[in-house]
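Inspection log for the structure reproduced underneath, given as structure tokens.
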There are 4 protein chains.
Amino acid sequence: MATPKHDAICEAALELFAEHGVNATTTREIAERAGAAEGTLYRHFQGKDDLVRWLFETSAEQFQETLLASADGITAPRARLRALIRGVFAFADDHPAAFTYLLSVHHTGILQHNGNASPPPMRTFVDTLTDGIEQGAFRDLPPVLATGWIIAMAQRAVVFLRSEVVEMAREDVIRQTVDAALRIVDAECTL
Amino acid sequence: MATPKHDAICEAALELFAEHGVNATTTREIAERAGAAEGTLYRHFQGKDDLVRWLFETSAEQFQETLLASADGITAPRARLRALIRGVFAFADDHPAAFTYLLSVHHTGILQHNGNASPPPMRTFVDTLTDGIEQGAFRDLPPVLATGWIIAMAQRAVVFLRSEVVEMAREDVIRQTVDAALRIVDAECTL
Amino acid sequence: MATPKHDAICEAALELFAEHGVNATTTREIAERAGAAEGTLYRHFQGKDDLVRWLFETSAEQFQETLLASADGITAPRARLRALIRGVFAFADDHPAAFTYLLSVHHTGILQHNGNASPPPMRTFVDTLTDGIEQGAFRDLPPVLATGWIIAMAQRAVVFLRSEVVEMAREDVIRQTVDAALRIVDAECTL
Amino acid sequence: MATPKHDAICEAALELFAEHGVNATTTREIAERAGAAEGTLYRHFQGKDDLVRWLFETSAEQFQETLLASADGITAPRARLRALIRGVFAFADDHPAAFTYLLSVHHTGILQHNGNASPPPMRTFVDTLTDGIEQGAFRDLPPVLATGWIIAMAQRAVVFLRSEVVEMAREDVIRQTVDAALRIVDAECTL
DNA sequence: CATGAATGAGTTTTCATTCAT
DNA sequence: AATGAATGAAAACTCATTCAT
């Protein structure tokens with residue numbers, strides 16, 4: 001399963017999918033960048049769709065792992081939420097292609113989510129928010145909706161960082177984003 | 001320029017692009033749904049890419065118009081920001097296909113934005129935020145970053161509404177989203 | 001038959017056919033250059049093929065007229081042949097597009113010559129050569145073959161003149177070509 | 001690069017291009033005659049244009065080789081020129097499709113010659129003529145112009161032979177053409 | 001006579017996938 | 001496992017011609 005060619009193909013595909021999108025990437029390009037023959041892809045995956053799915057699942061797992069590692073041992077809702085948001089930035093940093101790919105694929109109809117179930121990364125946020133609400137740390141907001149807001153904010157912040165239009169320290173962007181998210185949900189925060 | 005077939009093609013293309021994405025939509029499908037011949041598309045547009053671009057620009061203009069109409073005459077930063085956010089929901093309601101298309105295309109690499117300039121809809125938010133910051137109504141945040149957060153939140157809220165996973169009144173989702181955005185930027189909101 | 005649009009279309013088509021070839025010229029381009037609508041072409045000609053044929057015949061007639069005018073009243077074979085060759089250059093000068101078109105079409109299979117009969121311009125040369133041979137002014141050569149040689153030489157000389165690769169006076173090129181042709185056929189010319 | 005299908009496609013294309021012209025030949029026809037799938041053409045060439053160009057260059061090289069083989073070892077200008085002209089006929093005989101194709105493409109605008117540089121076959125004639133002029137064997141003519149005349153004459157003679165309108169022995173036509181060309185350039189040929 | 005939007009058959013081109021080596 | 005030539009179905013695109021105005 002973990003052949004040199006296998007990994008080369010995955011890496012090449014992930015980069016190209018992130019750069020140009022899934023549909024705009026040809027199997028030939030993948031093979032070329034991977035230094036493999038066109039047919040080799042089919043030794044490791046049923047086809048392009050299978051590769052797309054596999055990369056999505058793998059990336060989602062990595063995302064989830066990064067999140068959990070980020071918030072490991074932190075149980076207080078506020079601190080845990082802060083840690084999770086920082087986890088999003090950490091993942092974007094460690095796996096840039098996977099991060100971008102995860103976003104772009106989400107918008108494509110390629111992957112019919114296994115039912116309507118939220119993917120694990122979202123669940124992790126939802127659970128933390130639910131806990132915080134129950135404990136009175138967070139306001140009474142629909143956890144799924146609030147999770148959507150926060151992840152979307154973090155994604156935009158990453159795009160903002162990458163675009164380099166504005167000169168702003170990475171840590172500043174992260175802190176601002178974390179603070180903003182907390183203001184949305186924190187029960188102590190009054191408007 | 002504004003022929004019946006022209007409009008039919010635009011409408012059909014916008015719907016299909018929103019439903020299945022640009023790449024997954026064929027010129028044949030567009031023509032079929034528009035009740036036109038495939039060649040007709042090429043009398044009005046240089047090709048599929050040209051159509052994609054044209055629809056993007058047109059949709060962006062409509063978006064901008066809706067925003068401006070929403071906030072027309074409102075100058076107080078807080079009220080104006082609330083109105084603009086409601087404008088996003090109004091646009092998603094009035095032009096569902098255009099709204100979805102605008103999102104999906106944004107993530108595709110198809111459109112190389114004219115430089116790095118922000119599109120007009122973003123500018124409108126940025127200007128309002130900048131005003132609010134200067135007047136002390138909003139806290140001192142990078143306006144471009146904050147705009148990104150807020151638009152992303154609203155988009156997610158629309159997706160949330162459409163997904164119908166959770167039963168929640170439309171107006172509630174909108175109000176919650178508007179409030180959440182205000183908490184992010186309002187100077188009075190203390191944490 | 002001779003409407004302003006008619007003439008504009010003919011002129012535009014002749015130029016474009018000469019510039020890019022018949023197949024590479026679209027009816028739309030013709031209409032555009034002629035300042036007419038696409039459909040107008042079909043008021044005057046059955047279709048593109050008809051236009052091609054008509055232009056060929058008209059150009060061939062003009063060619064023939066120029067040749068006859070050039071050699072008018074000259075009966076001595078040598079002088080008449082010289083005059084006819086000069087006529088080729090005169091035609092190329094007066095009707096550049098028609099000249100080029102006549103050549104290019106000849107190589108295309110578009111026009112199935114009416115049988116194998118030589119077109120009038122060739123006949124004129126053939127007759128002059130035949131006369132000259134009978135009168136002993138020219139060597140005993142197959143007149144059709146010799147005509148082919150001479151016309152081909154003149155055509156190349158025109159191309160040579162137009163290419164402007166080498167700087168050479170127009171009259172010099174013509175004189176050289178005429179002399180060279182005479183050396184081929186003249187009975188007095190010994191090798 | 002030299003796959004069976006590759007060669008089959010080249011051969012089929014060359015024949016069809018010679019028979020009906022480049023524009024009148026479809027990729028489907030080429031594939032069909034070559035016994036290949038249409039897509040295979042695009043594994044070996046970027047597109048139809050690329051194929052056209054490649055065949056032109058290849059044919060021009062073959063032409064050049066035939067000419068050089070014909071005149072190999074012959075240095076005396078008169079004898080060498082005779083040999084070169086016979087080389088034209090030899091090429092037309094050995095590679096009929098390539099010969100016809102070379103002519104037809106030349107008149108099409110498809111191939112923008114690499115600058116205004118003369119192709120190798122012309123150069124070979126030009127050099128021989130230049131030598132002959134310097135040695136006093138040939139009269140003082142512009143070598144490029146004279147080359148144009150001679151090649152054009154030979155081409156016409158080949159067309160003449162192929163048309164079979166007139167019954168004339170192949171060798172007679174060749175000898176006559178060679179003699180005619182010599183009369184044009186030979187210094188001894190007085191008029 | 002003139003127009004030009006509309007047509008649709010035909011053409012070129014793409015690309016995921018297969019298979020003999 | 002790996003290769004890469006070959007495939008063919010489907011896609012984008014062209015353009016001579018028609019026809020309602």
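Note on naming: chains are A, B, ... as they come in the structure tokens, residues start from 1 per chain, ligands start from 1 in the order shown.
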Residues of chain D within 9 Å of chain F, only C-alpha atoms (C1' of nucleotides) counted, as a PyMOL selection string: chain D and resi 3+5+36-40+43
Hey, can you spit out that residue selection with C-alpha atoms as a PDB file, in the first residue's frame?
ATOM      1  CA  THR D   3       5.529   3.546 -33.089  1.00  0.00           C
ATOM      2  CA  LYS D   5       0.579   3.705 -35.200  1.00  0.00           C
ATOM      3  CA  ALA D  36      -6.074   3.928 -35.435  1.00  0.00           C
ATOM      4  CA  ALA D  37      -8.384   5.662 -33.028  1.00  0.00           C
ATOM      5  CA  GLU D  38      -8.833   9.373 -33.434  1.00  0.00           C
ATOM      6  CA  GLY D  39      -7.343  10.053 -30.047  1.00  0.00           C
ATOM      7  CA  THR D  40      -4.139   8.284 -30.974  1.00  0.00           C
ATOM      8  CA  ARG D  43      -0.638  11.130 -28.447  1.00  0.00           C
TER       9      ARG D  43
END
Using only C-alpha atoms (C1' of nucleotides), which residues sit within 9 Å of Val88 (chain B) once same-chain residues fewer than 4 positions away are excluded, as an NGL selection string? :B and (63 or 66-67 or 70 or 83-84 or 92-93 or 99 or 151 or 154-155 or 158)
Suppose we keep C-alpha atoms; can you now write the selection as an mmCIF file, in the first residue's frame?
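out-v3.cif, written as the output of this step:
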data_model
loop_
_atom_site.group_PDB
_atom_site.id
_atom_site.type_symbol
_atom_site.label_atom_id
_atom_site.label_comp_id
_atom_site.auth_asym_id
_atom_site.auth_seq_id
_atom_site.Cartn_x
_atom_site.Cartn_y
_atom_site.Cartn_z
ATOM 1 C CA PHE B 63 -24.812 41.168 -5.576
ATOM 2 C CA THR B 66 -28.594 44.192 -3.685
ATOM 3 C CA LEU B 67 -26.130 45.203 -0.998
ATOM 4 C CA SER B 70 -30.202 47.034 1.378
ATOM 5 C CA ALA B 83 -28.208 46.108 6.701
ATOM 6 C CA LEU B 84 -25.336 44.909 4.525
ATOM 7 C CA ALA B 92 -29.103 34.571 -1.647
ATOM 8 C CA ASP B 93 -32.884 34.615 -1.599
ATOM 9 C CA PHE B 99 -25.263 33.298 -5.025
ATOM 10 C CA ILE B 151 -19.002 37.440 4.496
ATOM 11 C CA ALA B 154 -23.087 34.840 6.174
ATOM 12 C CA GLN B 155 -22.304 32.413 3.375
ATOM 13 C CA VAL B 158 -27.013 30.506 3.938
#
Please provide chain C as an mmCIF file with C-alpha atoms, in the first residue's frame, once it has been superposed on chain B by least squares across all sequentially paired Cα atoms.
data_model
loop_
_atom_site.group_PDB
_atom_site.id
_atom_site.type_symbol
_atom_site.label_atom_id
_atom_site.label_comp_id
_atom_site.auth_asym_id
_atom_site.auth_seq_id
_atom_site.Cartn_x
_atom_site.Cartn_y
_atom_site.Cartn_z
ATOM 1 C CA MET C 1 -27.573 41.457 -26.783
ATOM 2 C CA ALA C 2 -30.779 40.584 -24.988
ATOM 3 C CA THR C 3 -32.290 37.910 -27.183
ATOM 4 C CA PRO C 4 -34.654 35.318 -25.751
ATOM 5 C CA LYS C 5 -32.040 32.629 -26.458
ATOM 6 C CA HIS C 6 -29.372 34.753 -24.849
ATOM 7 C CA ASP C 7 -31.254 34.984 -21.616
ATOM 8 C CA ALA C 8 -32.260 31.344 -21.697
ATOM 9 C CA ILE C 9 -28.641 30.335 -22.071
ATOM 10 C CA CYS C 10 -27.518 32.577 -19.233
ATOM 11 C CA GLU C 11 -30.204 31.292 -16.930
ATOM 12 C CA ALA C 12 -29.570 27.672 -17.805
ATOM 13 C CA ALA C 13 -25.825 28.057 -17.423
ATOM 14 C CA LEU C 14 -26.107 29.846 -14.099
ATOM 15 C CA GLU C 15 -28.337 27.120 -12.691
ATOM 16 C CA LEU C 16 -26.144 24.313 -13.930
ATOM 17 C CA PHE C 17 -22.958 25.988 -12.782
ATOM 18 C CA ALA C 18 -24.507 26.415 -9.354
ATOM 19 C CA GLU C 19 -25.780 22.834 -9.250
ATOM 20 C CA HIS C 20 -22.817 20.886 -10.570
ATOM 21 C CA GLY C 21 -19.978 23.354 -10.864
ATOM 22 C CA VAL C 22 -18.517 24.983 -13.928
ATOM 23 C CA ASN C 23 -16.259 22.140 -15.012
ATOM 24 C CA ALA C 24 -18.894 19.476 -14.590
ATOM 25 C CA THR C 25 -21.313 21.367 -16.815
ATOM 26 C CA THR C 26 -21.052 20.813 -20.552
ATOM 27 C CA THR C 27 -22.051 23.251 -23.241
ATOM 28 C CA ARG C 28 -24.416 20.604 -24.487
ATOM 29 C CA GLU C 29 -26.244 20.499 -21.167
ATOM 30 C CA ILE C 30 -26.512 24.258 -21.143
ATOM 31 C CA ALA C 31 -27.954 24.300 -24.646
ATOM 32 C CA GLU C 32 -30.348 21.509 -23.781
ATOM 33 C CA ARG C 33 -31.739 23.177 -20.682
ATOM 34 C CA ALA C 34 -31.908 26.484 -22.510
ATOM 35 C CA GLY C 35 -33.830 24.909 -25.357
ATOM 36 C CA ALA C 36 -31.200 26.124 -27.795
ATOM 37 C CA ALA C 37 -28.787 24.494 -30.206
ATOM 38 C CA GLU C 38 -25.229 23.892 -29.140
ATOM 39 C CA GLY C 39 -23.857 26.391 -31.586
ATOM 40 C CA THR C 40 -26.099 29.208 -30.434
ATOM 41 C CA LEU C 41 -23.984 29.767 -27.360
ATOM 42 C CA TYR C 42 -21.208 30.944 -29.650
ATOM 43 C CA ARG C 43 -23.417 33.635 -31.184
ATOM 44 C CA HIS C 44 -23.587 35.359 -27.835
ATOM 45 C CA PHE C 45 -20.308 34.486 -26.182
ATOM 46 C CA GLN C 46 -16.809 33.839 -27.405
ATOM 47 C CA GLY C 47 -16.900 30.470 -25.687
ATOM 48 C CA LYS C 48 -17.593 28.765 -22.416
ATOM 49 C CA ASP C 49 -14.923 30.729 -20.581
ATOM 50 C CA ASP C 50 -16.419 33.955 -21.791
ATOM 51 C CA LEU C 51 -19.824 32.873 -20.555
ATOM 52 C CA VAL C 52 -18.334 31.945 -17.188
ATOM 53 C CA ARG C 53 -16.689 35.335 -16.884
ATOM 54 C CA TRP C 54 -19.759 37.217 -18.014
ATOM 55 C CA LEU C 55 -21.995 35.433 -15.544
ATOM 56 C CA PHE C 56 -19.525 36.104 -12.770
ATOM 57 C CA GLU C 57 -19.392 39.800 -13.501
ATOM 58 C CA THR C 58 -23.133 40.084 -13.894
ATOM 59 C CA SER C 59 -23.759 38.180 -10.693
ATOM 60 C CA ALA C 60 -21.199 40.253 -8.840
ATOM 61 C CA GLU C 61 -22.915 43.394 -10.049
ATOM 62 C CA GLN C 62 -26.292 42.121 -8.945
ATOM 63 C CA PHE C 63 -24.791 41.236 -5.595
ATOM 64 C CA GLN C 64 -23.349 44.701 -5.250
ATOM 65 C CA GLU C 65 -26.636 46.328 -6.245
ATOM 66 C CA THR C 66 -28.526 44.291 -3.681
ATOM 67 C CA LEU C 67 -26.049 45.257 -0.996
ATOM 68 C CA LEU C 68 -26.252 48.944 -1.841
ATOM 69 C CA ALA C 69 -30.021 48.826 -2.008
ATOM 70 C CA SER C 70 -30.097 47.139 1.366
ATOM 71 C CA ALA C 71 -27.938 49.768 3.007
ATOM 72 C CA ASP C 72 -29.204 52.709 1.032
ATOM 73 C CA GLY C 73 -29.333 55.856 3.095
ATOM 74 C CA ILE C 74 -28.016 54.165 6.203
ATOM 75 C CA THR C 75 -24.782 55.775 7.308
ATOM 76 C CA ALA C 76 -24.393 54.878 10.953
ATOM 77 C CA PRO C 77 -21.709 52.142 10.880
ATOM 78 C CA ARG C 78 -23.500 49.655 13.101
ATOM 79 C CA ALA C 79 -26.825 49.954 11.308
ATOM 80 C CA ARG C 80 -25.124 49.987 7.935
ATOM 81 C CA LEU C 81 -23.183 46.822 8.695
ATOM 82 C CA ARG C 82 -26.370 45.098 9.857
ATOM 83 C CA ALA C 83 -28.075 46.161 6.660
ATOM 84 C CA LEU C 84 -25.242 44.916 4.490
ATOM 85 C CA ILE C 85 -25.280 41.493 6.122
ATOM 86 C CA ARG C 86 -29.020 41.311 5.600
ATOM 87 C CA GLY C 87 -28.269 42.226 2.015
ATOM 88 C CA VAL C 88 -26.227 39.061 1.641
ATOM 89 C CA PHE C 89 -29.218 37.007 2.701
ATOM 90 C CA ALA C 90 -31.489 39.003 0.426
ATOM 91 C CA PHE C 91 -29.242 38.318 -2.535
ATOM 92 C CA ALA C 92 -29.081 34.621 -1.720
ATOM 93 C CA ASP C 93 -32.837 34.653 -1.671
ATOM 94 C CA ASP C 94 -33.466 36.642 -4.826
ATOM 95 C CA HIS C 95 -30.719 35.049 -6.917
ATOM 96 C CA PRO C 96 -30.023 31.615 -5.457
ATOM 97 C CA ALA C 97 -28.081 30.334 -8.450
ATOM 98 C CA ALA C 98 -26.037 33.500 -8.754
ATOM 99 C CA PHE C 99 -25.197 33.352 -5.062
ATOM 100 C CA THR C 100 -24.019 29.748 -5.199
ATOM 101 C CA TYR C 101 -22.168 30.321 -8.436
ATOM 102 C CA LEU C 102 -20.366 33.334 -7.053
ATOM 103 C CA LEU C 103 -19.091 31.248 -4.183
ATOM 104 C CA SER C 104 -18.062 28.209 -6.140
ATOM 105 C CA VAL C 105 -16.285 30.150 -8.816
ATOM 106 C CA HIS C 106 -14.366 32.018 -6.191
ATOM 107 C CA HIS C 107 -12.715 28.776 -5.155
ATOM 108 C CA THR C 108 -11.964 27.737 -8.705
ATOM 109 C CA GLY C 109 -8.967 29.181 -10.429
ATOM 110 C CA ILE C 110 -11.016 29.955 -13.506
ATOM 111 C CA LEU C 111 -11.280 33.622 -12.906
ATOM 112 C CA GLN C 112 -8.020 35.358 -12.372
ATOM 113 C CA HIS C 113 -9.242 38.339 -10.425
ATOM 114 C CA ASN C 114 -8.288 41.561 -12.029
ATOM 115 C CA GLY C 115 -5.123 41.835 -10.055
ATOM 116 C CA ASN C 116 -5.505 41.403 -6.342
ATOM 117 C CA ALA C 117 -8.137 44.078 -6.056
ATOM 118 C CA SER C 118 -11.089 43.060 -3.922
ATOM 119 C CA PRO C 119 -14.346 42.813 -5.814
ATOM 120 C CA PRO C 120 -16.880 45.600 -5.228
ATOM 121 C CA PRO C 121 -19.052 43.671 -2.738
ATOM 122 C CA MET C 122 -16.079 43.194 -0.446
ATOM 123 C CA ARG C 123 -15.065 46.822 -0.816
ATOM 124 C CA THR C 124 -18.454 47.925 0.402
ATOM 125 C CA PHE C 125 -18.017 45.974 3.599
ATOM 126 C CA VAL C 126 -14.437 47.095 3.997
ATOM 127 C CA ASP C 127 -15.404 50.747 3.653
ATOM 128 C CA THR C 128 -18.169 50.450 6.187
ATOM 129 C CA LEU C 129 -15.865 48.728 8.641
ATOM 130 C CA THR C 130 -13.137 51.291 8.097
ATOM 131 C CA ASP C 131 -15.601 54.109 8.762
ATOM 132 C CA GLY C 132 -16.857 52.387 11.880
ATOM 133 C CA ILE C 133 -13.354 51.921 13.211
ATOM 134 C CA GLU C 134 -12.477 55.564 12.590
ATOM 135 C CA GLN C 135 -15.647 56.681 14.323
ATOM 136 C CA GLY C 136 -14.913 54.455 17.269
ATOM 137 C CA ALA C 137 -18.013 52.318 16.786
ATOM 138 C CA PHE C 138 -15.953 49.265 15.884
ATOM 139 C CA ARG C 139 -12.848 47.797 17.429
ATOM 140 C CA ASP C 140 -9.526 48.220 15.737
ATOM 141 C CA LEU C 141 -9.503 45.193 13.481
ATOM 142 C CA PRO C 142 -7.967 44.713 10.033
ATOM 143 C CA PRO C 143 -10.996 45.596 7.881
ATOM 144 C CA VAL C 144 -10.198 43.137 5.115
ATOM 145 C CA LEU C 145 -9.837 40.258 7.539
ATOM 146 C CA ALA C 146 -13.025 41.184 9.358
ATOM 147 C CA THR C 147 -14.879 41.448 6.067
ATOM 148 C CA GLY C 148 -13.701 37.989 5.160
ATOM 149 C CA TRP C 149 -14.965 36.630 8.446
ATOM 150 C CA ILE C 150 -18.360 38.214 8.127
ATOM 151 C CA ILE C 151 -19.032 37.282 4.537
ATOM 152 C CA ALA C 152 -17.879 33.742 5.239
ATOM 153 C CA MET C 153 -20.247 33.568 8.199
ATOM 154 C CA ALA C 154 -23.158 34.756 6.120
ATOM 155 C CA GLN C 155 -22.368 32.279 3.372
ATOM 156 C CA ARG C 156 -22.299 29.445 5.838
ATOM 157 C CA ALA C 157 -25.563 30.621 7.313
ATOM 158 C CA VAL C 158 -27.127 30.484 3.847
ATOM 159 C CA VAL C 159 -25.822 26.978 3.330
ATOM 160 C CA PHE C 160 -27.183 26.133 6.754
ATOM 161 C CA LEU C 161 -30.592 27.487 5.799
ATOM 162 C CA ARG C 162 -30.630 25.629 2.507
ATOM 163 C CA SER C 163 -29.519 22.325 3.926
ATOM 164 C CA GLU C 164 -32.678 22.112 5.994
ATOM 165 C CA VAL C 165 -30.953 19.721 8.363
ATOM 166 C CA VAL C 166 -32.100 21.747 11.310
ATOM 167 C CA GLU C 167 -35.480 23.336 11.548
ATOM 168 C CA MET C 168 -34.971 26.981 12.253
ATOM 169 C CA ALA C 169 -36.866 30.025 11.091
ATOM 170 C CA ARG C 170 -35.171 31.955 8.334
ATOM 171 C CA GLU C 171 -35.449 35.239 10.211
ATOM 172 C CA ASP C 172 -33.902 33.667 13.315
ATOM 173 C CA VAL C 173 -30.872 32.499 11.402
ATOM 174 C CA ILE C 174 -30.428 35.924 9.874
ATOM 175 C CA ARG C 175 -30.804 37.755 13.158
ATOM 176 C CA GLN C 176 -28.394 35.431 14.912
ATOM 177 C CA THR C 177 -25.851 35.867 12.156
ATOM 178 C CA VAL C 178 -26.142 39.639 12.208
ATOM 179 C CA ASP C 179 -25.809 39.734 15.974
ATOM 180 C CA ALA C 180 -22.842 37.407 15.951
ATOM 181 C CA ALA C 181 -21.063 39.563 13.388
ATOM 182 C CA LEU C 182 -21.744 42.681 15.412
ATOM 183 C CA ARG C 183 -20.312 41.083 18.530
ATOM 184 C CA ILE C 184 -17.085 40.512 16.647
ATOM 185 C CA VAL C 185 -16.597 44.096 15.609
ATOM 186 C CA ASP C 186 -18.562 46.251 18.053
ATOM 187 C CA ALA C 187 -16.380 48.377 20.273
ATOM 188 C CA GLU C 188 -18.965 48.288 23.052
ATOM 189 C CA CYS C 189 -18.939 44.548 23.138
ATOM 190 C CA THR C 190 -16.662 43.467 25.944
ATOM 191 C CA LEU C 191 -15.194 40.066 26.532
#
Using only C-alpha atoms (C1' of nucleotides), I'd like every residue of chain E that has an atom within 8 Å of chain A; please write them out as a VMD selection string. chain E and resid 15 to 17
So that I have them on file, write out the residues from the current selection with N, CA and C atoms (P, O5', C5', C4', C3', O3' and C1' of nucleotides), as a PDB file, in the first residue's frame.
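Writing the result to result-v3.pdb gives the following:
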ATOM      1  P    DC E  15      -8.050  17.737 -20.647  1.00  0.00           P
ATOM      2  O5'  DC E  15      -8.326  16.251 -20.177  1.00  0.00           O
ATOM      3  C5'  DC E  15      -9.676  15.775 -20.215  1.00  0.00           C
ATOM      4  C4'  DC E  15      -9.724  14.303 -19.896  1.00  0.00           C
ATOM      5  C3'  DC E  15      -8.544  13.773 -19.080  1.00  0.00           C
ATOM      6  O3'  DC E  15      -9.047  12.825 -18.159  1.00  0.00           O
ATOM      7  C1'  DC E  15      -8.765  12.519 -21.035  1.00  0.00           C
ATOM      8  P    DA E  16      -8.540  12.846 -16.676  1.00  0.00           P
ATOM      9  O5'  DA E  16      -9.297  11.575 -16.081  1.00  0.00           O
ATOM     10  C5'  DA E  16     -10.710  11.535 -16.114  1.00  0.00           C
ATOM     11  C4'  DA E  16     -11.205  10.153 -16.500  1.00  0.00           C
ATOM     12  C3'  DA E  16     -10.707   9.019 -15.624  1.00  0.00           C
ATOM     13  O3'  DA E  16     -11.757   8.081 -15.454  1.00  0.00           O
ATOM     14  C1'  DA E  16      -9.986   8.648 -17.850  1.00  0.00           C
ATOM     15  P    DT E  17     -11.516   6.851 -14.494  1.00  0.00           P
ATOM     16  O5'  DT E  17     -11.034   5.720 -15.497  1.00  0.00           O
ATOM     17  C5'  DT E  17     -11.902   5.315 -16.554  1.00  0.00           C
ATOM     18  C4'  DT E  17     -11.189   4.373 -17.483  1.00  0.00           C
ATOM     19  C3'  DT E  17     -10.490   3.177 -16.828  1.00  0.00           C
ATOM     20  O3'  DT E  17     -11.132   2.002 -17.282  1.00  0.00           O
ATOM     21  C1'  DT E  17      -9.171   4.108 -18.548  1.00  0.00           C
TER      22       DT E  17
END
Please return as an NGL selection string: the residues of region 11-115 of chain D that backbone DSSP assigns to helix (DSSP H, G or I). :D and (11-20 or 27-34 or 38-44 or 48-70 or 77-94 or 96-107)
